Structure formats: structure tokens, C-alpha cells
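Structure data follow from model_32.txt (compact mmCIF, N, CA and C atoms):
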# COMPACT_ATOMS: atom_id res chain seq x y z
N MET A 9 -12.28 16.17 -27.38
CA MET A 9 -11.84 16.62 -26.07
C MET A 9 -11.49 15.40 -25.24
N LYS A 10 -10.67 15.65 -24.24
CA LYS A 10 -10.29 14.62 -23.28
C LYS A 10 -10.69 15.07 -21.89
N LEU A 11 -11.07 14.11 -21.07
CA LEU A 11 -11.35 14.37 -19.66
C LEU A 11 -10.29 13.63 -18.87
N LEU A 12 -9.51 14.36 -18.13
CA LEU A 12 -8.46 13.80 -17.31
C LEU A 12 -8.95 13.73 -15.87
N LEU A 13 -8.91 12.53 -15.30
CA LEU A 13 -9.26 12.31 -13.89
C LEU A 13 -7.95 12.10 -13.14
N ILE A 14 -7.67 12.97 -12.20
CA ILE A 14 -6.41 12.91 -11.45
C ILE A 14 -6.74 12.63 -9.99
N PHE A 15 -6.27 11.50 -9.47
CA PHE A 15 -6.42 11.14 -8.07
C PHE A 15 -5.09 11.35 -7.37
N VAL A 16 -5.13 11.95 -6.19
CA VAL A 16 -3.92 12.15 -5.41
C VAL A 16 -4.27 12.07 -3.93
N ASP A 17 -3.33 11.59 -3.13
CA ASP A 17 -3.51 11.60 -1.69
C ASP A 17 -3.78 13.05 -1.26
N SER A 18 -4.81 13.27 -0.46
CA SER A 18 -5.19 14.64 -0.08
C SER A 18 -4.06 15.41 0.58
N ASP A 19 -3.15 14.71 1.25
CA ASP A 19 -2.01 15.39 1.86
C ASP A 19 -1.08 16.00 0.82
N HIS A 20 -1.18 15.57 -0.43
CA HIS A 20 -0.30 16.05 -1.50
C HIS A 20 -1.07 16.77 -2.61
N ALA A 21 -2.31 17.13 -2.36
CA ALA A 21 -3.14 17.77 -3.39
C ALA A 21 -2.56 19.10 -3.85
N GLU A 22 -1.88 19.82 -2.98
CA GLU A 22 -1.30 21.11 -3.36
C GLU A 22 -0.28 20.96 -4.49
N ASP A 23 0.43 19.83 -4.54
CA ASP A 23 1.39 19.60 -5.62
C ASP A 23 0.68 19.57 -6.97
N VAL A 24 -0.46 18.90 -7.03
CA VAL A 24 -1.22 18.82 -8.28
C VAL A 24 -1.82 20.18 -8.61
N GLU A 25 -2.33 20.89 -7.62
CA GLU A 25 -2.90 22.23 -7.88
C GLU A 25 -1.85 23.16 -8.45
N ARG A 26 -0.65 23.15 -7.89
CA ARG A 26 0.43 23.99 -8.42
C ARG A 26 0.74 23.62 -9.86
N LEU A 27 0.77 22.33 -10.14
CA LEU A 27 1.03 21.87 -11.51
C LEU A 27 -0.06 22.34 -12.46
N LEU A 28 -1.33 22.25 -12.05
CA LEU A 28 -2.42 22.70 -12.90
C LEU A 28 -2.34 24.20 -13.16
N GLU A 29 -2.02 24.97 -12.14
CA GLU A 29 -1.90 26.42 -12.31
C GLU A 29 -0.74 26.76 -13.23
N ARG A 30 0.36 26.06 -13.08
CA ARG A 30 1.55 26.30 -13.89
C ARG A 30 1.31 25.89 -15.35
N SER A 31 0.45 24.91 -15.56
CA SER A 31 0.18 24.39 -16.91
C SER A 31 -0.87 25.20 -17.65
N ASP A 32 -1.42 26.21 -17.01
CA ASP A 32 -2.42 27.08 -17.64
C ASP A 32 -3.61 26.32 -18.20
N VAL A 33 -4.09 25.32 -17.47
CA VAL A 33 -5.32 24.65 -17.90
C VAL A 33 -6.46 25.66 -17.77
N PRO A 34 -7.45 25.59 -18.67
CA PRO A 34 -8.52 26.59 -18.64
C PRO A 34 -9.39 26.51 -17.39
N GLY A 35 -9.41 25.37 -16.73
CA GLY A 35 -10.20 25.22 -15.51
C GLY A 35 -10.20 23.77 -15.07
N TYR A 36 -10.62 23.57 -13.84
CA TYR A 36 -10.73 22.21 -13.31
C TYR A 36 -11.73 22.21 -12.17
N SER A 37 -12.21 21.04 -11.85
CA SER A 37 -13.08 20.86 -10.68
C SER A 37 -12.36 19.96 -9.71
N GLU A 38 -12.47 20.28 -8.43
CA GLU A 38 -11.78 19.54 -7.38
C GLU A 38 -12.81 18.92 -6.44
N PHE A 39 -12.61 17.65 -6.15
CA PHE A 39 -13.44 16.95 -5.18
C PHE A 39 -12.51 16.52 -4.04
N PRO A 40 -12.46 17.28 -2.95
CA PRO A 40 -11.55 16.96 -1.85
C PRO A 40 -12.12 15.89 -0.92
N HIS A 41 -11.25 15.27 -0.18
CA HIS A 41 -11.60 14.36 0.91
C HIS A 41 -12.48 13.18 0.49
N LEU A 42 -12.12 12.55 -0.63
CA LEU A 42 -12.82 11.35 -1.06
C LEU A 42 -12.39 10.17 -0.20
N ARG A 43 -13.31 9.32 0.09
CA ARG A 43 -13.02 8.13 0.89
C ARG A 43 -13.31 6.91 0.06
N GLY A 44 -12.55 5.85 0.31
CA GLY A 44 -12.78 4.62 -0.43
C GLY A 44 -11.62 3.65 -0.27
N LYS A 45 -11.54 2.73 -1.20
CA LYS A 45 -10.52 1.70 -1.15
C LYS A 45 -9.88 1.58 -2.53
N GLY A 46 -8.56 1.49 -2.54
CA GLY A 46 -7.81 1.33 -3.77
C GLY A 46 -6.66 0.38 -3.55
N GLU A 47 -5.73 0.37 -4.50
CA GLU A 47 -4.62 -0.57 -4.40
C GLU A 47 -3.71 -0.28 -3.21
N SER A 48 -3.75 0.94 -2.69
CA SER A 48 -2.93 1.26 -1.50
C SER A 48 -3.68 0.98 -0.20
N GLY A 49 -4.91 0.48 -0.29
CA GLY A 49 -5.69 0.17 0.90
C GLY A 49 -6.86 1.12 1.06
N ARG A 50 -7.46 1.08 2.25
CA ARG A 50 -8.62 1.92 2.55
C ARG A 50 -8.17 3.30 3.03
N LYS A 51 -8.92 4.30 2.59
CA LYS A 51 -8.77 5.67 3.07
C LYS A 51 -10.16 6.13 3.46
N LEU A 52 -10.46 6.03 4.74
CA LEU A 52 -11.80 6.33 5.22
C LEU A 52 -11.84 7.50 6.19
N GLY A 53 -10.70 8.15 6.41
CA GLY A 53 -10.67 9.28 7.32
C GLY A 53 -10.88 8.91 8.77
N THR A 54 -10.60 7.66 9.12
CA THR A 54 -10.78 7.20 10.49
C THR A 54 -9.42 6.85 11.09
N ARG A 55 -9.40 6.57 12.37
CA ARG A 55 -8.15 6.18 13.02
C ARG A 55 -7.64 4.85 12.45
N ALA A 56 -8.56 3.93 12.20
CA ALA A 56 -8.18 2.63 11.66
C ALA A 56 -7.73 2.73 10.20
N PHE A 57 -8.39 3.59 9.42
CA PHE A 57 -8.07 3.77 8.00
C PHE A 57 -7.95 5.26 7.71
N PRO A 58 -6.83 5.86 8.09
CA PRO A 58 -6.67 7.32 7.96
C PRO A 58 -6.49 7.75 6.50
N GLY A 59 -6.70 9.03 6.29
CA GLY A 59 -6.42 9.63 5.00
C GLY A 59 -7.63 9.71 4.09
N SER A 60 -7.42 10.41 2.99
CA SER A 60 -8.44 10.57 1.96
C SER A 60 -7.72 10.91 0.66
N SER A 61 -8.46 10.94 -0.41
CA SER A 61 -7.92 11.32 -1.71
C SER A 61 -8.62 12.57 -2.21
N THR A 62 -7.99 13.25 -3.14
CA THR A 62 -8.59 14.38 -3.84
C THR A 62 -8.65 14.01 -5.31
N LEU A 63 -9.76 14.33 -5.95
CA LEU A 63 -9.96 14.03 -7.36
C LEU A 63 -10.11 15.35 -8.12
N TYR A 64 -9.39 15.47 -9.22
CA TYR A 64 -9.50 16.63 -10.11
C TYR A 64 -10.07 16.17 -11.44
N PHE A 65 -11.06 16.89 -11.94
CA PHE A 65 -11.60 16.71 -13.28
C PHE A 65 -11.05 17.84 -14.13
N VAL A 66 -10.39 17.50 -15.24
CA VAL A 66 -9.82 18.51 -16.12
C VAL A 66 -10.24 18.18 -17.55
N ALA A 67 -11.01 19.05 -18.19
CA ALA A 67 -11.40 18.86 -19.59
C ALA A 67 -10.45 19.68 -20.46
N LEU A 68 -9.85 19.01 -21.45
CA LEU A 68 -8.83 19.65 -22.29
C LEU A 68 -9.03 19.31 -23.75
N PRO A 69 -8.65 20.22 -24.64
CA PRO A 69 -8.61 19.86 -26.05
C PRO A 69 -7.60 18.73 -26.27
N ASP A 70 -7.85 17.89 -27.26
CA ASP A 70 -7.01 16.72 -27.50
C ASP A 70 -5.51 17.04 -27.52
N GLY A 71 -5.10 18.07 -28.19
CA GLY A 71 -3.68 18.36 -28.37
C GLY A 71 -2.94 18.82 -27.13
N THR A 72 -3.64 19.27 -26.11
CA THR A 72 -2.96 19.82 -24.93
C THR A 72 -2.82 18.81 -23.79
N CYS A 73 -3.43 17.66 -23.95
CA CYS A 73 -3.45 16.69 -22.86
C CYS A 73 -2.08 16.04 -22.63
N LYS A 74 -1.33 15.78 -23.68
CA LYS A 74 -0.06 15.09 -23.54
C LYS A 74 0.91 15.87 -22.66
N GLY A 75 0.98 17.17 -22.83
CA GLY A 75 1.89 17.99 -22.02
C GLY A 75 1.57 17.89 -20.53
N LEU A 76 0.31 17.96 -20.19
CA LEU A 76 -0.10 17.86 -18.79
C LEU A 76 0.19 16.46 -18.25
N CYS A 77 -0.07 15.44 -19.06
CA CYS A 77 0.22 14.06 -18.63
C CYS A 77 1.72 13.87 -18.39
N ASP A 78 2.55 14.45 -19.24
CA ASP A 78 4.00 14.38 -19.03
C ASP A 78 4.41 15.05 -17.72
N GLU A 79 3.79 16.19 -17.42
CA GLU A 79 4.08 16.88 -16.16
C GLU A 79 3.66 16.05 -14.96
N LEU A 80 2.52 15.38 -15.06
CA LEU A 80 2.07 14.51 -13.98
C LEU A 80 3.02 13.33 -13.78
N LYS A 81 3.52 12.76 -14.88
CA LYS A 81 4.50 11.67 -14.78
C LYS A 81 5.77 12.15 -14.11
N ASN A 82 6.22 13.36 -14.46
CA ASN A 82 7.42 13.94 -13.82
C ASN A 82 7.20 14.12 -12.32
N LEU A 83 6.02 14.60 -11.94
CA LEU A 83 5.70 14.77 -10.52
C LEU A 83 5.71 13.43 -9.80
N GLN A 84 5.12 12.41 -10.42
CA GLN A 84 5.09 11.08 -9.81
C GLN A 84 6.50 10.53 -9.64
N THR A 85 7.34 10.72 -10.62
CA THR A 85 8.73 10.25 -10.54
C THR A 85 9.49 11.00 -9.46
N LYS A 86 9.29 12.30 -9.40
CA LYS A 86 9.99 13.15 -8.43
C LYS A 86 9.56 12.85 -6.99
N LYS A 87 8.25 12.68 -6.77
CA LYS A 87 7.73 12.51 -5.42
C LYS A 87 7.68 11.06 -4.95
N GLY A 88 7.61 10.12 -5.91
CA GLY A 88 7.57 8.71 -5.54
C GLY A 88 6.17 8.23 -5.23
N PRO A 89 6.05 6.97 -4.83
CA PRO A 89 4.73 6.36 -4.62
C PRO A 89 3.94 6.96 -3.46
N GLU A 90 4.61 7.61 -2.51
CA GLU A 90 3.87 8.18 -1.37
C GLU A 90 2.94 9.32 -1.79
N GLU A 91 3.12 9.86 -2.99
CA GLU A 91 2.24 10.91 -3.48
C GLU A 91 0.83 10.36 -3.73
N GLY A 92 0.73 9.05 -3.99
CA GLY A 92 -0.58 8.44 -4.25
C GLY A 92 -1.22 9.01 -5.50
N LEU A 93 -0.45 9.23 -6.53
CA LEU A 93 -0.91 9.91 -7.74
C LEU A 93 -1.26 8.92 -8.84
N LYS A 94 -2.48 9.05 -9.36
CA LYS A 94 -2.96 8.25 -10.50
C LYS A 94 -3.73 9.19 -11.42
N ALA A 95 -3.67 8.93 -12.71
CA ALA A 95 -4.43 9.73 -13.68
C ALA A 95 -5.01 8.81 -14.74
N TYR A 96 -6.21 9.16 -15.19
CA TYR A 96 -6.92 8.41 -16.21
C TYR A 96 -7.47 9.39 -17.24
N MET A 97 -7.37 9.03 -18.51
CA MET A 97 -7.85 9.89 -19.58
C MET A 97 -9.04 9.23 -20.28
N LEU A 98 -10.09 10.01 -20.47
CA LEU A 98 -11.29 9.53 -21.15
C LEU A 98 -11.59 10.43 -22.34
N ASP A 99 -12.05 9.82 -23.42
CA ASP A 99 -12.58 10.62 -24.53
C ASP A 99 -13.90 11.21 -24.08
N THR A 100 -14.15 12.44 -24.42
CA THR A 100 -15.39 13.09 -24.01
C THR A 100 -15.89 14.01 -25.10
N MET A 101 -17.12 14.42 -24.99
CA MET A 101 -17.71 15.32 -25.97
C MET A 101 -18.59 16.32 -25.23
N GLU A 102 -18.40 17.59 -25.52
CA GLU A 102 -19.22 18.63 -24.91
C GLU A 102 -20.61 18.58 -25.56
N VAL A 103 -21.64 18.50 -24.75
CA VAL A 103 -22.99 18.41 -25.30
C VAL A 103 -23.83 19.67 -25.04
N LEU A 104 -23.40 20.54 -24.20
CA LEU A 104 -24.12 21.81 -23.96
C LEU A 104 -23.16 22.96 -24.04
Could I get this file's structure written as C-alpha cells?
Amino acid sequence: MKLLLIFVDSDHAEDVERLLERSDVPGYSEFPHLRGKGESGRKLGTRAFPGSSTLYFVALPDGTCKGLCDELKNLQTKKGPEEGLKAYMLDTMEVL
């Protein structure tokens, strides 16, 4: 199995949600309004450092991950860098 971690600017989280729904993933977990610092700077939800990110956890069988990753790349190309979209894939194993 693969675990896909998808980070997106919270202002654009609906784009990723629509993509996940359209891709028929079996399920996902969403962590909205994350604060922190990344390559685009700080997002602390304050006047000085506005904004936040949303993180999606998606567990998928190995063979289905490539299609979703391709869709995410298409979204990033279509929307550009202002989408704040990053994705990371990890090998994982279900233990329970």
C-alpha cells in the first residue's frame, strides 16, 4: 500500500477534494488549517503571516496511486504555483 500526503493552500483545498471525489478513492482524512513554515514562507493564520494549509492522508493500493498522482500533477500545471500544492508518497503497511 501507499500513503499519499497531499498539502495544499487552504484557500484551494476544494480543488483537491473535488479531484479525490472524482478519482473514487476509497477514503481520505483531512487536516484543515495547518500552520507552519515551508518553502513559500510562514502560514500562521495571522495578519503578519496569513493563510494556512490543508493536509490530506490517502491510503491506496500500489496500482492505483499513479493515476491519482497524474491527476494532481495536472491540477498543479493547470492552477500554477499559487495553488500551493505538494504531494509525497510513502510505502505503508496496514497493521490492524
- Query: Can you list, as a PyMOL selection string, every residue of chain A that DSSP puts in alpha helix (DSSP H)?
  - Reply: chain A and resi 21-30+73-87
- Which residues come within 6 Å of range 66-71 of chain A, counting only C-alpha atoms, excluding same-chain residues fewer than 2 positions away, as a VMD selection string? chain A and resid 9 to 12 36 73
Would you mind exporting the chosen residues as an mmCIF file, in the coordinates of the input, restricted to N, CA and C atoms?
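That gives us out_6.cif:
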data_model
loop_
_atom_site.group_PDB
_atom_site.id
_atom_site.type_symbol
_atom_site.label_atom_id
_atom_site.label_comp_id
_atom_site.auth_asym_id
_atom_site.auth_seq_id
_atom_site.Cartn_x
_atom_site.Cartn_y
_atom_site.Cartn_z
ATOM 1 N N MET A 9 -12.280 16.170 -27.380
ATOM 2 C CA MET A 9 -11.840 16.620 -26.070
ATOM 3 C C MET A 9 -11.490 15.400 -25.240
ATOM 4 N N LYS A 10 -10.670 15.650 -24.240
ATOM 5 C CA LYS A 10 -10.290 14.620 -23.280
ATOM 6 C C LYS A 10 -10.690 15.070 -21.890
ATOM 7 N N LEU A 11 -11.070 14.110 -21.070
ATOM 8 C CA LEU A 11 -11.350 14.370 -19.660
ATOM 9 C C LEU A 11 -10.290 13.630 -18.870
ATOM 10 N N LEU A 12 -9.510 14.360 -18.130
ATOM 11 C CA LEU A 12 -8.460 13.800 -17.310
ATOM 12 C C LEU A 12 -8.950 13.730 -15.870
ATOM 13 N N TYR A 36 -10.620 23.570 -13.840
ATOM 14 C CA TYR A 36 -10.730 22.210 -13.310
ATOM 15 C C TYR A 36 -11.730 22.210 -12.170
ATOM 16 N N CYS A 73 -3.430 17.660 -23.950
ATOM 17 C CA CYS A 73 -3.450 16.690 -22.860
ATOM 18 C C CYS A 73 -2.080 16.040 -22.630
#
- Message: Rounded to one decimal, what separation in Å do you get between atom C of Ser18 in chain A and CA of Leu93 in chain A?
- Response: 10.5 Å
- Task: Pick out the residues sitting within 7 Å of Ser61 in chain A, and hand them over as a VMD selection string; count only C-alpha atoms, and ignore anything fewer than 4 positions along from it in its own chain.
- Result: chain A and resid 15 to 18 40 to 43
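The space between CA of Gln84 in chain A and CA of Tyr96 in chain A spans 13.9 Å.
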- Message: I need the strand (DSSP E) residues of chain A per DSSP on the backbone, written as a PyMOL selection string.
- Response: chain A and resi 10-17+37-42+44-46+49-51+61-68+94-99
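The coordinates place CA of Val33 in chain A at 28.6 Å from CA of Glu47 in chain A.
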Report, as JSON, the axis-aligned box around all atoms of range 56-64 of chain A present in the file, extended by 6 Å on each side; give centre and edge lengths in Å to one decimal place.
{"center_x": -8.3, "center_y": 9.6, "center_z": 0.4, "size_x": 15.7, "size_y": 26.0, "size_z": 35.6}
- Message: Env of Leu80 in chain A: 10 Å cut, atoms = only C-alpha atoms, seq-sep filter 5 positions within chain, self excluded. Answer as number ranges by chain.
- Response: A: 14, 23-24, 27-28, 74-75, 85-86, 93-95
Just-selected residues, N, CA and C atoms written as a short mmCIF file (atom, residue, chain, number, x, y, z; two decimals), in the coordinates of the input:
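As written to disk, selection_35.cif reads:
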data_model
loop_
_atom_site.label_atom_id
_atom_site.label_comp_id
_atom_site.auth_asym_id
_atom_site.auth_seq_id
_atom_site.Cartn_x
_atom_site.Cartn_y
_atom_site.Cartn_z
N ILE A 14 -7.67 12.97 -12.20
CA ILE A 14 -6.41 12.91 -11.45
C ILE A 14 -6.74 12.63 -9.99
N ASP A 23 0.43 19.83 -4.54
CA ASP A 23 1.39 19.60 -5.62
C ASP A 23 0.68 19.57 -6.97
N VAL A 24 -0.46 18.90 -7.03
CA VAL A 24 -1.22 18.82 -8.28
C VAL A 24 -1.82 20.18 -8.61
N LEU A 27 0.77 22.33 -10.14
CA LEU A 27 1.03 21.87 -11.51
C LEU A 27 -0.06 22.34 -12.46
N LEU A 28 -1.33 22.25 -12.05
CA LEU A 28 -2.42 22.70 -12.90
C LEU A 28 -2.34 24.20 -13.16
N LYS A 74 -1.33 15.78 -23.68
CA LYS A 74 -0.06 15.09 -23.54
C LYS A 74 0.91 15.87 -22.66
N GLY A 75 0.98 17.17 -22.83
CA GLY A 75 1.89 17.99 -22.02
C GLY A 75 1.57 17.89 -20.53
N THR A 85 7.34 10.72 -10.62
CA THR A 85 8.73 10.25 -10.54
C THR A 85 9.49 11.00 -9.46
N LYS A 86 9.29 12.30 -9.40
CA LYS A 86 9.99 13.15 -8.43
C LYS A 86 9.56 12.85 -6.99
N LEU A 93 -0.45 9.23 -6.53
CA LEU A 93 -0.91 9.91 -7.74
C LEU A 93 -1.26 8.92 -8.84
N LYS A 94 -2.48 9.05 -9.36
CA LYS A 94 -2.96 8.25 -10.50
C LYS A 94 -3.73 9.19 -11.42
N ALA A 95 -3.67 8.93 -12.71
CA ALA A 95 -4.43 9.73 -13.68
C ALA A 95 -5.01 8.81 -14.74
#
- Determine, counting only N, CA and C atoms, which protein, DNA and RNA residues have an atom within 6.5 Å of an atom of Ser37 in chain A; residues of the same chain fewer than 5 positions away are not included. Present the result as a PyMOL selection string. chain A and resi 63-66
